[in-house]
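Structure file work-v6.cif (mmCIF, N, CA and C atoms; chains and numbers go by the auth columns) follows.
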```
data_upload
#
loop_
_atom_site.group_PDB
_atom_site.id
_atom_site.type_symbol
_atom_site.label_atom_id
_atom_site.label_comp_id
_atom_site.label_asym_id
_atom_site.label_seq_id
_atom_site.Cartn_x
_atom_site.Cartn_y
_atom_site.Cartn_z
_atom_site.B_iso_or_equiv
_atom_site.auth_seq_id
_atom_site.auth_asym_id
ATOM 1 N N MET A 1 94.388 82.761 -64.661 0.00 1 A
ATOM 2 C CA MET A 1 94.439 83.141 -66.070 0.00 1 A
ATOM 3 C C MET A 1 94.321 84.660 -66.185 0.00 1 A
ATOM 4 N N ASN A 2 95.025 85.210 -67.124 0.00 2 A
ATOM 5 C CA ASN A 2 94.971 86.650 -67.370 0.00 2 A
ATOM 6 C C ASN A 2 93.583 87.023 -67.877 0.00 2 A
ATOM 7 N N GLU A 3 92.963 87.983 -67.261 0.00 3 A
ATOM 8 C CA GLU A 3 91.590 88.371 -67.596 0.00 3 A
ATOM 9 C C GLU A 3 91.418 88.858 -69.036 0.00 3 A
ATOM 10 N N VAL A 4 92.482 89.411 -69.613 0.00 4 A
ATOM 11 C CA VAL A 4 92.345 89.953 -70.965 0.00 4 A
ATOM 12 C C VAL A 4 91.976 88.854 -71.967 0.00 4 A
ATOM 13 N N TRP A 5 92.385 87.632 -71.723 0.00 5 A
ATOM 14 C CA TRP A 5 92.099 86.539 -72.660 0.00 5 A
ATOM 15 C C TRP A 5 90.652 86.086 -72.583 0.00 5 A
ATOM 16 N N LYS A 6 89.934 86.502 -71.558 0.00 6 A
ATOM 17 C CA LYS A 6 88.531 86.124 -71.425 0.00 6 A
ATOM 18 C C LYS A 6 87.604 87.049 -72.195 0.00 6 A
ATOM 19 N N LYS A 7 88.139 88.168 -72.673 0.00 7 A
ATOM 20 C CA LYS A 7 87.325 89.134 -73.407 0.00 7 A
ATOM 21 C C LYS A 7 87.192 88.698 -74.863 0.00 7 A
ATOM 22 N N PRO A 8 86.073 89.066 -75.516 0.00 8 A
ATOM 23 C CA PRO A 8 85.910 88.700 -76.932 0.00 8 A
ATOM 24 C C PRO A 8 86.932 89.439 -77.798 0.00 8 A
ATOM 25 N N PRO A 9 87.300 88.856 -78.930 0.00 9 A
ATOM 26 C CA PRO A 9 88.271 89.520 -79.807 0.00 9 A
ATOM 27 C C PRO A 9 87.740 90.841 -80.353 0.00 9 A
ATOM 28 N N VAL A 10 88.651 91.746 -80.650 0.00 10 A
ATOM 29 C CA VAL A 10 88.288 93.049 -81.208 0.00 10 A
ATOM 30 C C VAL A 10 88.348 92.938 -82.735 0.00 10 A
ATOM 31 N N SER A 11 87.343 93.441 -83.406 0.00 11 A
ATOM 32 C CA SER A 11 87.292 93.344 -84.860 0.00 11 A
ATOM 33 C C SER A 11 88.268 94.314 -85.519 0.00 11 A
ATOM 34 N N LEU A 12 88.629 94.029 -86.744 0.00 12 A
ATOM 35 C CA LEU A 12 89.513 94.904 -87.508 0.00 12 A
ATOM 36 C C LEU A 12 88.890 96.288 -87.649 0.00 12 A
ATOM 37 N N GLU A 13 87.596 96.344 -87.859 0.00 13 A
ATOM 38 C CA GLU A 13 86.917 97.623 -88.001 0.00 13 A
ATOM 39 C C GLU A 13 87.028 98.455 -86.720 0.00 13 A
ATOM 40 N N SER A 14 86.944 97.792 -85.572 0.00 14 A
ATOM 41 C CA SER A 14 87.083 98.503 -84.294 0.00 14 A
ATOM 42 C C SER A 14 88.482 99.077 -84.150 0.00 14 A
ATOM 43 N N TYR A 15 89.489 98.290 -84.529 0.00 15 A
ATOM 44 C CA TYR A 15 90.869 98.793 -84.477 0.00 15 A
ATOM 45 C C TYR A 15 91.055 99.969 -85.432 0.00 15 A
ATOM 46 N N GLN A 16 90.493 99.855 -86.623 0.00 16 A
ATOM 47 C CA GLN A 16 90.627 100.940 -87.595 0.00 16 A
ATOM 48 C C GLN A 16 89.965 102.218 -87.089 0.00 16 A
ATOM 49 N N ALA A 17 88.884 102.083 -86.333 0.00 17 A
ATOM 50 C CA ALA A 17 88.196 103.257 -85.781 0.00 17 A
ATOM 51 C C ALA A 17 89.031 103.937 -84.690 0.00 17 A
ATOM 52 N N MET A 18 90.011 103.219 -84.133 0.00 18 A
ATOM 53 C CA MET A 18 90.855 103.769 -83.070 0.00 18 A
ATOM 54 C C MET A 18 92.064 104.546 -83.603 0.00 18 A
ATOM 55 N N VAL A 19 92.290 104.493 -84.895 0.00 19 A
ATOM 56 C CA VAL A 19 93.451 105.177 -85.466 0.00 19 A
ATOM 57 C C VAL A 19 93.393 106.660 -85.119 0.00 19 A
ATOM 58 N N GLY A 20 94.491 107.184 -84.589 0.00 20 A
ATOM 59 C CA GLY A 20 94.579 108.585 -84.221 0.00 20 A
ATOM 60 C C GLY A 20 94.123 108.887 -82.797 0.00 20 A
ATOM 61 N N GLN A 21 93.589 107.888 -82.103 0.00 21 A
ATOM 62 C CA GLN A 21 93.130 108.097 -80.729 0.00 21 A
ATOM 63 C C GLN A 21 94.180 107.590 -79.744 0.00 21 A
ATOM 64 N N GLU A 22 94.299 108.258 -78.607 0.00 22 A
ATOM 65 C CA GLU A 22 95.176 107.779 -77.552 0.00 22 A
ATOM 66 C C GLU A 22 94.411 106.781 -76.713 0.00 22 A
ATOM 67 N N ILE A 23 94.968 105.580 -76.571 0.00 23 A
ATOM 68 C CA ILE A 23 94.354 104.554 -75.729 0.00 23 A
ATOM 69 C C ILE A 23 95.444 103.927 -74.867 0.00 23 A
ATOM 70 N N GLY A 24 95.162 103.661 -73.648 0.00 24 A
ATOM 71 C CA GLY A 24 96.116 103.003 -72.771 0.00 24 A
ATOM 72 C C GLY A 24 97.400 103.778 -72.566 0.00 24 A
ATOM 73 N N VAL A 25 97.322 105.098 -72.467 0.00 25 A
ATOM 74 C CA VAL A 25 98.501 105.931 -72.294 0.00 25 A
ATOM 75 C C VAL A 25 99.046 105.737 -70.880 0.00 25 A
ATOM 76 N N SER A 26 100.355 105.516 -70.791 0.00 26 A
ATOM 77 C CA SER A 26 100.998 105.361 -69.491 0.00 26 A
ATOM 78 C C SER A 26 102.054 106.446 -69.303 0.00 26 A
ATOM 79 N N SER A 27 102.622 106.490 -68.125 0.00 27 A
ATOM 80 C CA SER A 27 103.657 107.479 -67.856 0.00 27 A
ATOM 81 C C SER A 27 104.971 107.052 -68.515 0.00 27 A
ATOM 82 N N TRP A 28 105.888 108.020 -68.668 0.00 28 A
ATOM 83 C CA TRP A 28 107.194 107.764 -69.256 0.00 28 A
ATOM 84 C C TRP A 28 108.068 107.021 -68.255 0.00 28 A
ATOM 85 N N HIS A 29 108.962 106.193 -68.759 0.00 29 A
ATOM 86 C CA HIS A 29 109.941 105.493 -67.940 0.00 29 A
ATOM 87 C C HIS A 29 111.325 105.789 -68.492 0.00 29 A
ATOM 88 N N THR A 30 112.239 106.129 -67.624 0.00 30 A
ATOM 89 C CA THR A 30 113.606 106.352 -68.051 0.00 30 A
ATOM 90 C C THR A 30 114.266 105.010 -68.296 0.00 30 A
ATOM 91 N N VAL A 31 114.832 104.843 -69.469 0.00 31 A
ATOM 92 C CA VAL A 31 115.546 103.610 -69.804 0.00 31 A
ATOM 93 C C VAL A 31 117.021 103.976 -69.925 0.00 31 A
ATOM 94 N N ASP A 32 117.725 103.848 -68.804 0.00 32 A
ATOM 95 C CA ASP A 32 119.147 104.157 -68.800 0.00 32 A
ATOM 96 C C ASP A 32 119.950 102.862 -68.905 0.00 32 A
ATOM 97 N N GLN A 33 121.261 102.983 -68.945 0.00 33 A
ATOM 98 C CA GLN A 33 122.101 101.804 -69.144 0.00 33 A
ATOM 99 C C GLN A 33 121.954 100.802 -68.002 0.00 33 A
ATOM 100 N N ASP A 34 121.782 101.270 -66.775 0.00 34 A
ATOM 101 C CA ASP A 34 121.589 100.350 -65.652 0.00 34 A
ATOM 102 C C ASP A 34 120.344 99.494 -65.849 0.00 34 A
ATOM 103 N N ARG A 35 119.276 100.120 -66.314 0.00 35 A
ATOM 104 C CA ARG A 35 118.035 99.379 -66.541 0.00 35 A
ATOM 105 C C ARG A 35 118.214 98.364 -67.674 0.00 35 A
ATOM 106 N N ILE A 36 118.933 98.745 -68.712 0.00 36 A
ATOM 107 C CA ILE A 36 119.201 97.830 -69.822 0.00 36 A
ATOM 108 C C ILE A 36 120.033 96.648 -69.338 0.00 36 A
ATOM 109 N N ASN A 37 121.017 96.901 -68.488 0.00 37 A
ATOM 110 C CA ASN A 37 121.857 95.825 -67.958 0.00 37 A
ATOM 111 C C ASN A 37 121.043 94.850 -67.110 0.00 37 A
ATOM 112 N N VAL A 38 120.134 95.370 -66.291 0.00 38 A
ATOM 113 C CA VAL A 38 119.274 94.507 -65.477 0.00 38 A
ATOM 114 C C VAL A 38 118.388 93.659 -66.387 0.00 38 A
ATOM 115 N N TYR A 39 117.840 94.272 -67.425 0.00 39 A
ATOM 116 C CA TYR A 39 117.015 93.529 -68.386 0.00 39 A
ATOM 117 C C TYR A 39 117.845 92.426 -69.043 0.00 39 A
ATOM 118 N N ALA A 40 119.087 92.735 -69.411 0.00 40 A
ATOM 119 C CA ALA A 40 119.969 91.723 -70.008 0.00 40 A
ATOM 120 C C ALA A 40 120.192 90.567 -69.035 0.00 40 A
ATOM 121 N N ASP A 41 120.328 90.871 -67.745 0.00 41 A
ATOM 122 C CA ASP A 41 120.473 89.820 -66.738 0.00 41 A
ATOM 123 C C ASP A 41 119.239 88.921 -66.701 0.00 41 A
ATOM 124 N N VAL A 42 118.068 89.540 -66.736 0.00 42 A
ATOM 125 C CA VAL A 42 116.812 88.790 -66.641 0.00 42 A
ATOM 126 C C VAL A 42 116.626 87.863 -67.830 0.00 42 A
ATOM 127 N N ILE A 43 116.891 88.362 -69.033 0.00 43 A
ATOM 128 C CA ILE A 43 116.658 87.534 -70.225 0.00 43 A
ATOM 129 C C ILE A 43 117.901 86.757 -70.648 0.00 43 A
ATOM 130 N N GLU A 44 118.981 86.892 -69.846 0.00 44 A
ATOM 131 C CA GLU A 44 120.245 86.205 -70.117 0.00 44 A
ATOM 132 C C GLU A 44 120.759 86.468 -71.525 0.00 44 A
ATOM 133 N N ASP A 45 120.719 87.725 -71.916 0.00 45 A
ATOM 134 C CA ASP A 45 121.222 88.154 -73.229 0.00 45 A
ATOM 135 C C ASP A 45 122.180 89.315 -72.999 0.00 45 A
ATOM 136 N N HIS A 46 123.457 89.006 -72.917 0.00 46 A
ATOM 137 C CA HIS A 46 124.470 90.020 -72.642 0.00 46 A
ATOM 138 C C HIS A 46 125.283 90.336 -73.890 0.00 46 A
ATOM 139 N N GLN A 47 124.684 90.192 -75.040 0.00 47 A
ATOM 140 C CA GLN A 47 125.385 90.510 -76.282 0.00 47 A
ATOM 141 C C GLN A 47 125.836 91.971 -76.224 0.00 47 A
ATOM 142 N N PHE A 48 127.053 92.227 -76.699 0.00 48 A
ATOM 143 C CA PHE A 48 127.660 93.557 -76.577 0.00 48 A
ATOM 144 C C PHE A 48 126.789 94.663 -77.153 0.00 48 A
ATOM 145 N N ILE A 49 126.055 94.382 -78.188 0.00 49 A
ATOM 146 C CA ILE A 49 125.254 95.419 -78.846 0.00 49 A
ATOM 147 C C ILE A 49 124.203 95.986 -77.892 0.00 49 A
ATOM 148 N N HIS A 50 123.805 95.187 -76.884 0.00 50 A
ATOM 149 C CA HIS A 50 122.803 95.637 -75.924 0.00 50 A
ATOM 150 C C HIS A 50 123.423 96.288 -74.693 0.00 50 A
ATOM 151 N N VAL A 51 124.524 95.752 -74.210 0.00 51 A
ATOM 152 C CA VAL A 51 125.030 96.178 -72.905 0.00 51 A
ATOM 153 C C VAL A 51 126.288 97.045 -72.961 0.00 51 A
ATOM 154 N N ASP A 52 126.871 97.234 -74.131 0.00 52 A
ATOM 155 C CA ASP A 52 128.075 98.061 -74.250 0.00 52 A
ATOM 156 C C ASP A 52 127.713 99.384 -74.915 0.00 52 A
ATOM 157 N N PRO A 53 127.645 100.474 -74.135 0.00 53 A
ATOM 158 C CA PRO A 53 127.236 101.768 -74.703 0.00 53 A
ATOM 159 C C PRO A 53 128.167 102.274 -75.799 0.00 53 A
ATOM 160 N N SER A 54 129.403 101.790 -75.843 0.00 54 A
ATOM 161 C CA SER A 54 130.328 102.248 -76.888 0.00 54 A
ATOM 162 C C SER A 54 130.190 101.446 -78.176 0.00 54 A
ATOM 163 N N ALA A 55 129.431 100.361 -78.171 0.00 55 A
ATOM 164 C CA ALA A 55 129.301 99.498 -79.351 0.00 55 A
ATOM 165 C C ALA A 55 128.782 100.231 -80.589 0.00 55 A
ATOM 166 N N PRO A 56 127.792 101.120 -80.489 0.00 56 A
ATOM 167 C CA PRO A 56 127.329 101.798 -81.701 0.00 56 A
ATOM 168 C C PRO A 56 128.410 102.653 -82.358 0.00 56 A
ATOM 169 N N ASN A 57 129.341 103.148 -81.573 0.00 57 A
ATOM 170 C CA ASN A 57 130.395 103.991 -82.125 0.00 57 A
ATOM 171 C C ASN A 57 131.485 103.194 -82.835 0.00 57 A
ATOM 172 N N ALA A 58 131.470 101.880 -82.683 0.00 58 A
ATOM 173 C CA ALA A 58 132.484 101.032 -83.305 0.00 58 A
ATOM 174 C C ALA A 58 132.153 100.699 -84.751 0.00 58 A
ATOM 175 N N ARG A 59 130.983 101.087 -85.217 0.00 59 A
ATOM 176 C CA ARG A 59 130.560 100.784 -86.589 0.00 59 A
ATOM 177 C C ARG A 59 130.439 102.068 -87.381 0.00 59 A
ATOM 178 N N PRO A 60 130.594 101.978 -88.701 0.00 60 A
ATOM 179 C CA PRO A 60 130.449 103.179 -89.535 0.00 60 A
ATOM 180 C C PRO A 60 129.037 103.759 -89.443 0.00 60 A
ATOM 181 N N ASN A 61 128.904 105.057 -89.674 0.00 61 A
ATOM 182 C CA ASN A 61 127.594 105.723 -89.582 0.00 61 A
ATOM 183 C C ASN A 61 126.531 105.063 -90.437 0.00 61 A
ATOM 184 N N SER A 62 126.888 104.582 -91.606 0.00 62 A
ATOM 185 C CA SER A 62 125.889 103.980 -92.493 0.00 62 A
ATOM 186 C C SER A 62 125.306 102.705 -91.903 0.00 62 A
ATOM 187 N N ALA A 63 126.045 102.042 -91.012 0.00 63 A
ATOM 188 C CA ALA A 63 125.570 100.790 -90.428 0.00 63 A
ATOM 189 C C ALA A 63 124.791 101.024 -89.142 0.00 63 A
ATOM 190 N N ARG A 64 124.769 102.232 -88.639 0.00 64 A
ATOM 191 C CA ARG A 64 124.061 102.538 -87.396 0.00 64 A
ATOM 192 C C ARG A 64 123.301 103.847 -87.543 0.00 64 A
ATOM 193 N N PRO A 65 122.135 103.801 -88.132 0.00 65 A
ATOM 194 C CA PRO A 65 121.393 105.025 -88.426 0.00 65 A
ATOM 195 C C PRO A 65 121.009 105.835 -87.194 0.00 65 A
ATOM 196 N N TRP A 66 120.961 105.219 -85.993 0.00 66 A
ATOM 197 C CA TRP A 66 120.544 105.964 -84.805 0.00 66 A
ATOM 198 C C TRP A 66 121.699 106.730 -84.178 0.00 66 A
ATOM 199 N N ARG A 67 122.940 106.343 -84.491 0.00 67 A
ATOM 200 C CA ARG A 67 124.153 106.994 -83.986 0.00 67 A
ATOM 201 C C ARG A 67 124.228 107.057 -82.457 0.00 67 A
ATOM 202 N N THR A 68 123.558 106.145 -81.804 0.00 68 A
ATOM 203 C CA THR A 68 123.602 106.057 -80.342 0.00 68 A
ATOM 204 C C THR A 68 123.198 104.655 -79.948 0.00 68 A
ATOM 205 N N ALA A 69 123.315 104.330 -78.680 0.00 69 A
ATOM 206 C CA ALA A 69 122.868 103.017 -78.216 0.00 69 A
ATOM 207 C C ALA A 69 121.382 102.872 -78.480 0.00 69 A
ATOM 208 N N PHE A 70 120.972 101.683 -78.804 0.00 70 A
ATOM 209 C CA PHE A 70 119.582 101.436 -79.164 0.00 70 A
ATOM 210 C C PHE A 70 119.053 100.284 -78.351 0.00 70 A
ATOM 211 N N SER A 71 117.917 100.450 -77.733 0.00 71 A
ATOM 212 C CA SER A 71 117.299 99.421 -76.928 0.00 71 A
ATOM 213 C C SER A 71 115.962 99.063 -77.533 0.00 71 A
ATOM 214 N N ARG A 72 115.653 97.781 -77.517 0.00 72 A
ATOM 215 C CA ARG A 72 114.348 97.366 -77.999 0.00 72 A
ATOM 216 C C ARG A 72 113.602 96.673 -76.878 0.00 72 A
ATOM 217 N N CYS A 73 112.308 96.741 -76.912 0.00 73 A
ATOM 218 C CA CYS A 73 111.486 96.098 -75.907 0.00 73 A
ATOM 219 C C CYS A 73 110.830 94.880 -76.508 0.00 73 A
ATOM 220 N N ARG A 74 110.626 93.898 -75.705 0.00 74 A
ATOM 221 C CA ARG A 74 109.955 92.685 -76.165 0.00 74 A
ATOM 222 C C ARG A 74 108.593 92.577 -75.558 0.00 74 A
#
```

Since I need it in another form, could you write the structure as structure tokens?
Amino acid sequence: MNEVWKKPPVSLESYQAMVGQEIGVSSWHTVDQDRINVYADVIEDHQFIHVDPSAPNARPNSARPWRTAFSRCR
């Protein structure tokens, strides 16, 4: 079992006290198209919007506010 589930729950007040503080900071990871493609393989989601870098350019600017490929993490 994952050890984190054995810890007592954190109260809302404790979370509110953490606002503005850095906690659990990790190093940066480069998320390039190869990494996105591997992720698509793992989750079996090869929808064009995720794996085709030219897909954002196929839609009008108003429909794609980021104007570039966009990746989301789960």

- Select, from A:Gln16, A:Ser26, A:Asn37, A:Gln21, the residue with the minimum atom-to-atom distance to A:Val51, counting only N, CA and C atoms.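 Ranked by minimum distance to A:Val51, first place goes to A:Asn37.
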
Pairwise distance for atom CA of A:Pro53 and atom CA of A:Asp41, rounded to one decimal in Å:
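These atoms are spaced 15.9 Å apart.
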
Between atom CA of A:Gly24 and atom CA of A:Ile36 lies a distance of 23.8 Å

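From atom CA of A:Ser27 back to atom CA of A:Pro8, the distance works out to 27.4 Å.
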